[in-house]
$ cat query22.txt   # compact mmCIF, C-alpha atoms
# COMPACT_ATOMS: atom_id res chain seq x y z
CA MET A 1 104.47 136.25 176.39
CA LYS A 2 103.68 137.72 172.96
CA LYS A 3 104.37 134.35 171.38
CA LEU A 4 101.97 132.65 173.82
CA LEU A 5 99.29 135.26 173.11
CA PHE A 6 99.70 134.72 169.36
CA ILE A 7 99.29 130.96 169.78
CA CYS A 8 96.16 131.46 171.88
CA LYS A 9 94.61 133.70 169.20
CA LEU A 10 95.50 131.18 166.51
CA ILE A 11 93.85 128.36 168.44
CA LEU A 12 90.74 130.53 168.96
CA LEU A 13 90.49 131.26 165.22
CA LEU A 14 90.85 127.58 164.42
CA CYS A 15 88.11 126.71 166.90
CA ILE A 16 85.76 129.30 165.38
CA SER A 17 86.52 127.95 161.91
CA CYS A 18 85.77 124.39 163.01
CA LYS A 19 82.45 125.47 164.51
CA GLN A 20 81.21 127.23 161.39
CA LYS A 21 77.75 126.03 160.52
CA GLN A 22 77.55 123.29 157.92
CA PHE A 23 75.70 124.01 154.68
CA ASP A 24 72.06 123.03 155.13
CA LEU A 25 69.27 123.11 152.54
CA ALA A 26 66.73 123.89 155.27
CA ASP A 27 68.49 127.21 155.95
CA LEU A 28 68.56 128.41 152.33
CA ARG A 29 66.53 131.41 151.26
CA PHE A 30 65.75 132.24 147.65
CA PRO A 31 67.21 133.30 145.35
CA ILE A 32 70.12 130.97 146.03
CA ASP A 33 73.57 132.40 145.42
CA LYS A 34 75.32 130.45 142.67
CA LYS A 35 78.71 131.41 144.06
CA GLN A 36 77.84 129.68 147.32
CA LEU A 37 76.96 126.52 145.41
CA ASN A 38 80.19 126.76 143.39
CA MET A 39 82.17 126.81 146.63
CA LEU A 40 80.46 123.53 147.56
CA GLY A 41 81.38 121.92 144.25
CA VAL A 42 78.08 122.43 142.40
CA GLU A 43 78.68 123.45 138.79
CA THR A 44 76.39 126.32 137.73
CA ALA A 45 78.01 127.35 134.46
CA PRO A 46 75.53 128.39 131.73
CA TYR A 47 74.55 125.69 129.27
CA LYS A 48 72.16 125.34 126.34
CA THR A 49 69.01 123.27 126.57
CA TYR A 50 67.59 121.36 123.62
CA LEU A 51 63.92 122.03 124.32
CA GLU A 52 62.27 125.43 124.06
CA ASP A 53 61.67 126.99 127.49
CA GLU A 54 63.28 124.03 129.26
CA THR A 55 64.16 124.72 132.90
CA ILE A 56 67.90 124.87 133.57
CA LYS A 57 68.90 122.54 136.41
CA PHE A 58 72.19 122.13 138.24
CA SER A 59 72.65 118.65 139.74
CA SER A 60 74.91 117.20 142.40
CA ASP A 61 75.20 114.09 144.56
CA SER A 62 77.94 115.56 146.73
CA SER A 63 77.70 115.05 150.47
CA SER A 64 78.65 118.72 150.87
CA VAL A 65 75.19 119.83 149.70
CA MET A 66 73.07 116.81 150.67
CA HIS A 67 71.96 118.07 154.09
CA PHE A 68 68.49 119.06 155.27
CA GLY A 69 67.65 119.97 158.84
CA GLY A 70 70.91 118.48 160.05
CA ILE A 71 70.18 115.17 158.26
CA ALA A 72 72.83 113.80 155.91
CA LEU A 73 70.87 112.84 152.78
CA ALA A 74 73.77 111.55 150.69
CA GLY A 75 73.52 107.87 149.83
CA ASN A 76 73.81 105.32 147.05
CA LEU A 77 71.73 102.33 146.04
CA SER A 78 74.72 100.30 144.91
CA ARG A 79 77.83 99.38 146.85
CA TYR A 80 79.64 98.81 143.56
CA ASP A 81 78.50 101.54 141.16
CA LYS A 82 79.00 104.94 142.82
CA ASN A 83 77.74 107.06 139.94
CA ILE A 84 75.10 109.76 140.06
CA TYR A 85 72.44 107.53 138.51
CA ALA A 86 72.40 105.34 141.62
CA SER A 87 72.90 108.18 144.08
CA ASN A 88 70.62 110.41 146.08
CA THR A 89 70.73 113.73 144.24
CA ILE A 90 69.88 117.40 144.53
CA GLN A 91 68.84 119.65 141.66
CA PHE A 92 68.83 123.44 141.84
CA LEU A 93 66.32 124.97 139.42
CA GLU A 94 66.68 128.29 137.66
CA ASP A 95 63.65 130.47 137.03
CA ARG A 96 64.05 131.51 133.42
CA THR A 97 62.19 134.80 133.99
CA ASP A 98 64.93 136.30 136.17
CA LYS A 99 67.75 133.73 135.74
CA THR A 100 67.99 133.07 139.50
CA ILE A 101 67.77 129.79 141.41
CA GLN A 102 64.34 129.74 143.05
CA ALA A 103 63.79 126.03 143.80
CA TYR A 104 65.53 122.77 144.55
CA LYS A 105 64.53 119.12 144.34
CA ALA A 106 66.05 116.28 146.35
CA THR A 107 65.53 112.72 145.10
CA ILE A 108 66.21 110.14 147.82
CA GLY A 109 66.35 106.46 146.89
CA THR A 110 67.66 105.03 150.18
CA SER A 111 65.39 103.95 153.03
CA GLU A 112 67.35 105.24 156.01
CA GLU A 113 67.66 108.79 154.70
CA THR A 114 64.01 108.75 153.59
CA GLU A 115 62.84 107.77 157.06
CA GLN A 116 64.97 110.45 158.71
CA LEU A 117 63.66 113.12 156.35
CA GLU A 118 60.04 112.11 156.92
CA SER A 119 60.56 112.11 160.68
CA TYR A 120 62.06 115.60 160.51
CA PHE A 121 58.98 116.99 158.74
CA ASP A 122 56.65 115.20 161.16
CA LYS A 123 58.37 116.83 164.13
CA GLN A 124 59.37 120.24 162.78
CA PHE A 125 56.57 121.05 160.30
CA GLY A 126 53.67 119.18 161.89
CA LYS A 127 50.15 119.12 160.50
CA THR A 128 49.19 120.40 157.07
CA ASP A 129 45.92 120.76 155.19
CA PHE A 130 47.26 118.97 152.14
CA TYR A 131 47.90 115.35 153.15
CA TYR A 132 47.01 112.25 151.15
CA LYS A 133 48.02 108.73 152.07
CA ASP A 134 47.33 105.20 150.90
CA GLU A 135 49.10 101.85 151.23
CA ASP A 136 51.71 102.79 148.62
CA MET A 137 52.59 106.42 149.25
CA SER A 138 51.91 109.73 150.96
CA CYS A 139 51.90 113.27 149.57
CA ARG A 140 52.07 116.41 151.70
CA VAL A 141 52.57 120.11 151.07
CA TRP A 142 53.45 122.75 153.66
CA GLU A 143 53.51 126.52 153.22
CA LYS A 144 56.05 128.23 155.46
CA ASP A 145 57.94 131.56 155.37
CA GLY A 146 57.04 132.23 151.76
CA LEU A 147 58.10 128.76 150.58
CA LEU A 148 56.20 125.67 149.43
CA TYR A 149 57.52 122.29 150.61
CA TYR A 150 56.34 119.22 148.67
CA LEU A 151 57.18 115.87 150.29
CA GLY A 152 56.29 112.57 148.63
CA ILE A 153 57.11 109.23 150.26
CA ASN A 154 56.91 105.85 148.49
CA PHE A 155 56.46 103.17 151.12
CA ASP A 156 57.61 100.02 149.37
CA VAL A 157 59.61 100.30 146.16
CA TYR A 158 60.63 96.89 144.83
CA ASN A 159 63.59 96.40 142.52
CA PRO A 160 64.97 92.86 142.10
CA ASP A 161 68.29 94.22 140.80
CA GLN A 162 69.10 96.09 144.01
CA ILE A 163 70.78 94.60 147.07
CA LYS A 164 68.00 95.87 149.32
CA LYS A 165 65.01 94.90 147.20
CA HIS A 166 62.36 96.62 149.35
CA ARG A 167 62.94 100.24 150.25
CA ARG A 168 61.33 103.59 150.99
CA THR A 169 62.04 106.56 148.77
CA ALA A 170 61.40 110.30 148.99
CA LEU A 171 60.96 113.33 146.78
CA LEU A 172 61.39 116.76 148.33
CA PHE A 173 60.64 119.85 146.24
CA VAL A 174 61.08 123.32 147.77
CA VAL A 175 60.18 126.46 145.82
CA ASN A 176 59.81 130.17 146.36
CA LYS A 177 56.09 131.02 146.27
CA SER A 178 56.85 134.03 144.08
CA SER A 179 58.27 131.81 141.33
CA GLN A 180 55.04 130.99 139.52
CA THR A 181 56.88 129.61 136.50
CA LEU A 182 58.67 126.90 138.50
CA ILE A 183 55.55 126.09 140.53
CA LYS A 184 53.44 125.59 137.42
CA GLU A 185 56.04 123.74 135.37
CA GLU A 186 58.34 121.92 137.80
CA ALA A 187 56.41 121.27 141.05
CA PRO A 188 55.28 117.62 141.44
CA GLN A 189 51.94 116.99 139.73
CA GLY A 190 51.83 113.20 139.69
CA HIS A 191 49.53 111.07 141.85
CA TYR A 192 47.88 113.05 144.70
CA PHE A 193 50.03 116.10 144.08
CA ARG A 194 47.81 116.84 141.09
CA PHE A 195 45.09 117.96 143.52
CA TYR A 196 47.36 120.66 144.89
CA HIS A 197 48.12 121.76 141.36
CA TYR A 198 44.37 122.09 140.71
CA PHE A 199 44.02 124.02 143.98
CA LEU A 200 46.70 126.54 143.00
CA GLU A 201 45.06 127.00 139.62
CA ALA A 202 41.71 127.63 141.32
CA LYS A 203 43.25 130.22 143.66
CA GLU A 204 44.02 132.38 140.66
CA LYS A 205 40.28 133.12 140.53
CA PRO A 206 39.01 135.85 142.90
CA GLU A 207 36.33 133.63 144.49
CA TYR A 208 38.94 131.04 145.60
CA LYS A 209 41.80 133.37 146.45
CA THR A 210 41.47 133.18 150.27
CA LEU A 211 40.54 129.50 150.55
CA THR A 212 42.68 126.99 152.44
CA TYR A 213 43.10 123.56 150.88
CA ARG A 214 40.64 122.01 153.35
CA GLN A 215 38.01 124.62 152.50
CA TYR A 216 38.65 123.94 148.84
CA THR A 217 38.09 120.17 149.26
CA GLU A 218 34.85 120.80 151.15
CA LEU A 219 33.69 123.05 148.34
CA LYS A 220 34.59 120.43 145.72
CA GLN A 221 32.89 117.74 147.79
CA ARG A 222 29.60 119.65 147.82
CA GLN A 223 29.95 120.37 144.12
CA TYR A 224 30.60 116.74 143.20
CA GLN A 225 27.80 115.44 145.39
CA SER A 226 25.29 117.89 143.91
CA GLU A 227 26.25 116.68 140.44
CA GLY A 228 26.05 113.02 141.44
CA PHE A 229 29.76 112.27 140.94
CA GLU A 230 32.24 110.41 143.13
CA THR A 231 34.18 112.78 145.39
CA ILE A 232 37.73 112.04 144.29
CA TYR A 233 39.16 114.87 146.40
CA ILE A 234 38.14 113.15 149.64
CA GLU A 235 39.30 109.59 148.97
CA HIS A 236 42.57 109.01 150.86
CA TYR A 237 42.52 112.62 152.13
CA ILE A 238 43.83 112.85 155.70
CA LYS A 239 42.14 115.46 157.88
CA GLN A 240 44.49 116.24 160.77
$ encode --input "query22.txt" --output "structure tokens"
Amino acid sequence: MKKLLFICKLILLLCISCKQKQFDLADLRFPIDKKQLNMLGVETAPYKTYLEDETIKFSSDSSSVMHFGGIALAGNLSRYDKNIYASNTIQFLEDRTDKTIQAYKATIGTSEETEQLESYFDKQFGKTDFYYKDEDMSCRVWEKDGLLYYLGINFDVYNPDQIKKHRRTALLFVVNKSSQTLIKEEAPQGHYFRFYHYFLEAKEKPEYKTLTYRQYTELKQRQYQSEGFETIYIEHYIKQ
């Protein structure tokens, strides 16, 4: 009887172990524990950078960390060359002011994973004030639970050297709002994302501090029109 009871307990423990929640980027809260990343195979040992004030980044293409919202983001552009340069990757960024990981960036070069990630944000995050879209790409930013989520989608990337020549790609950057250093220096600022960068800079002034992005664009629109300039903030801006 005791032996049977022992076996039952062992089976129960194994079942609990099997049901332990998988690591998921969407569940992370900053600062991220380096020990947790080490257990998943991400190397976070200190290293020297060659540029002054360069952000320290810890990279991985391991399937153990490439999950967001239950979506497996791991993938590779080449069926032959399985190195990190052709892989979907994740970078964890260290804020040099307090030496803690306060942001991560996922670079997705495969269409299927890109489409799943975009669909997840459409369903789970919904509408956002910052949304630009044209025939080539879209740029959105959400603010949620003290975090900023930047999502950029390229609609048709062409590369004649790849097996699948036409593909969709994604860039996801998630940062703690309190980490001003990483927001200013590492958050996406290319293409339409530059407008959000300008917005955050403006919010440092008392008169703009409480403005939403939509209110900010309306203010800039009136300003540009009064000065006789083209309203660049409104072109390709999606009001939801």
$ atom_distance --input "query22.txt" --atom1 "atom CA of A:Leu200" --atom2 "atom CA of A:Lys177"
10.9 Å
$ closest_residue --input "query22.txt" --among "A:Ser62, A:Thr44, A:Gln240, A:Thr210" --to "A:Tyr132" --atoms "only C-alpha atoms"
A:Gln240
$ closest_residue --input "query22.txt" --among "A:Ile32, A:Gln223, A:Thr100, A:Asp61" --to "A:Pro46" --atoms "only C-alpha atoms"
A:Thr100
$ residues_around --input "query22.txt" --residues "A:Lys203" --least-positions-apart "5" --cutoff "12 Å" --atoms "all atoms listed in the file" --output "PDB file with C-alpha atoms, keeping the file's coordinate frame"
ATOM      1  CA  TYR A 196      47.360 120.660 144.890  1.00  0.00           C
ATOM      2  CA  HIS A 197      48.120 121.760 141.360  1.00  0.00           C
ATOM      3  CA  TYR A 198      44.370 122.090 140.710  1.00  0.00           C
ATOM      4  CA  TYR A 208      38.940 131.040 145.600  1.00  0.00           C
ATOM      5  CA  LYS A 209      41.800 133.370 146.450  1.00  0.00           C
ATOM      6  CA  THR A 210      41.470 133.180 150.270  1.00  0.00           C
ATOM      7  CA  LEU A 211      40.540 129.500 150.550  1.00  0.00           C
ATOM      8  CA  THR A 212      42.680 126.990 152.440  1.00  0.00           C
ATOM      9  CA  TYR A 213      43.100 123.560 150.880  1.00  0.00           C
ATOM     10  CA  GLN A 215      38.010 124.620 152.500  1.00  0.00           C
ATOM     11  CA  TYR A 216      38.650 123.940 148.840  1.00  0.00           C
TER      12      TYR A 216
END
$ closest_residue --input "query22.txt" --among "A:Asp145, A:Asp122, A:Glu113, A:Asp53" --to "A:Phe30" --atoms "all atoms listed in the file"
A:Asp145
$ closest_residue --input "query22.txt" --among "A:Ser60, A:Thr107, A:Asn154, A:Thr55" --to "A:His191" --atoms "only C-alpha atoms"
A:Asn154
$ closest_residue --input "query22.txt" --among "A:Leu25, A:Val65, A:Ile56, A:Leu148" --to "A:Asn38" --atoms "all atoms listed in the file"
A:Val65
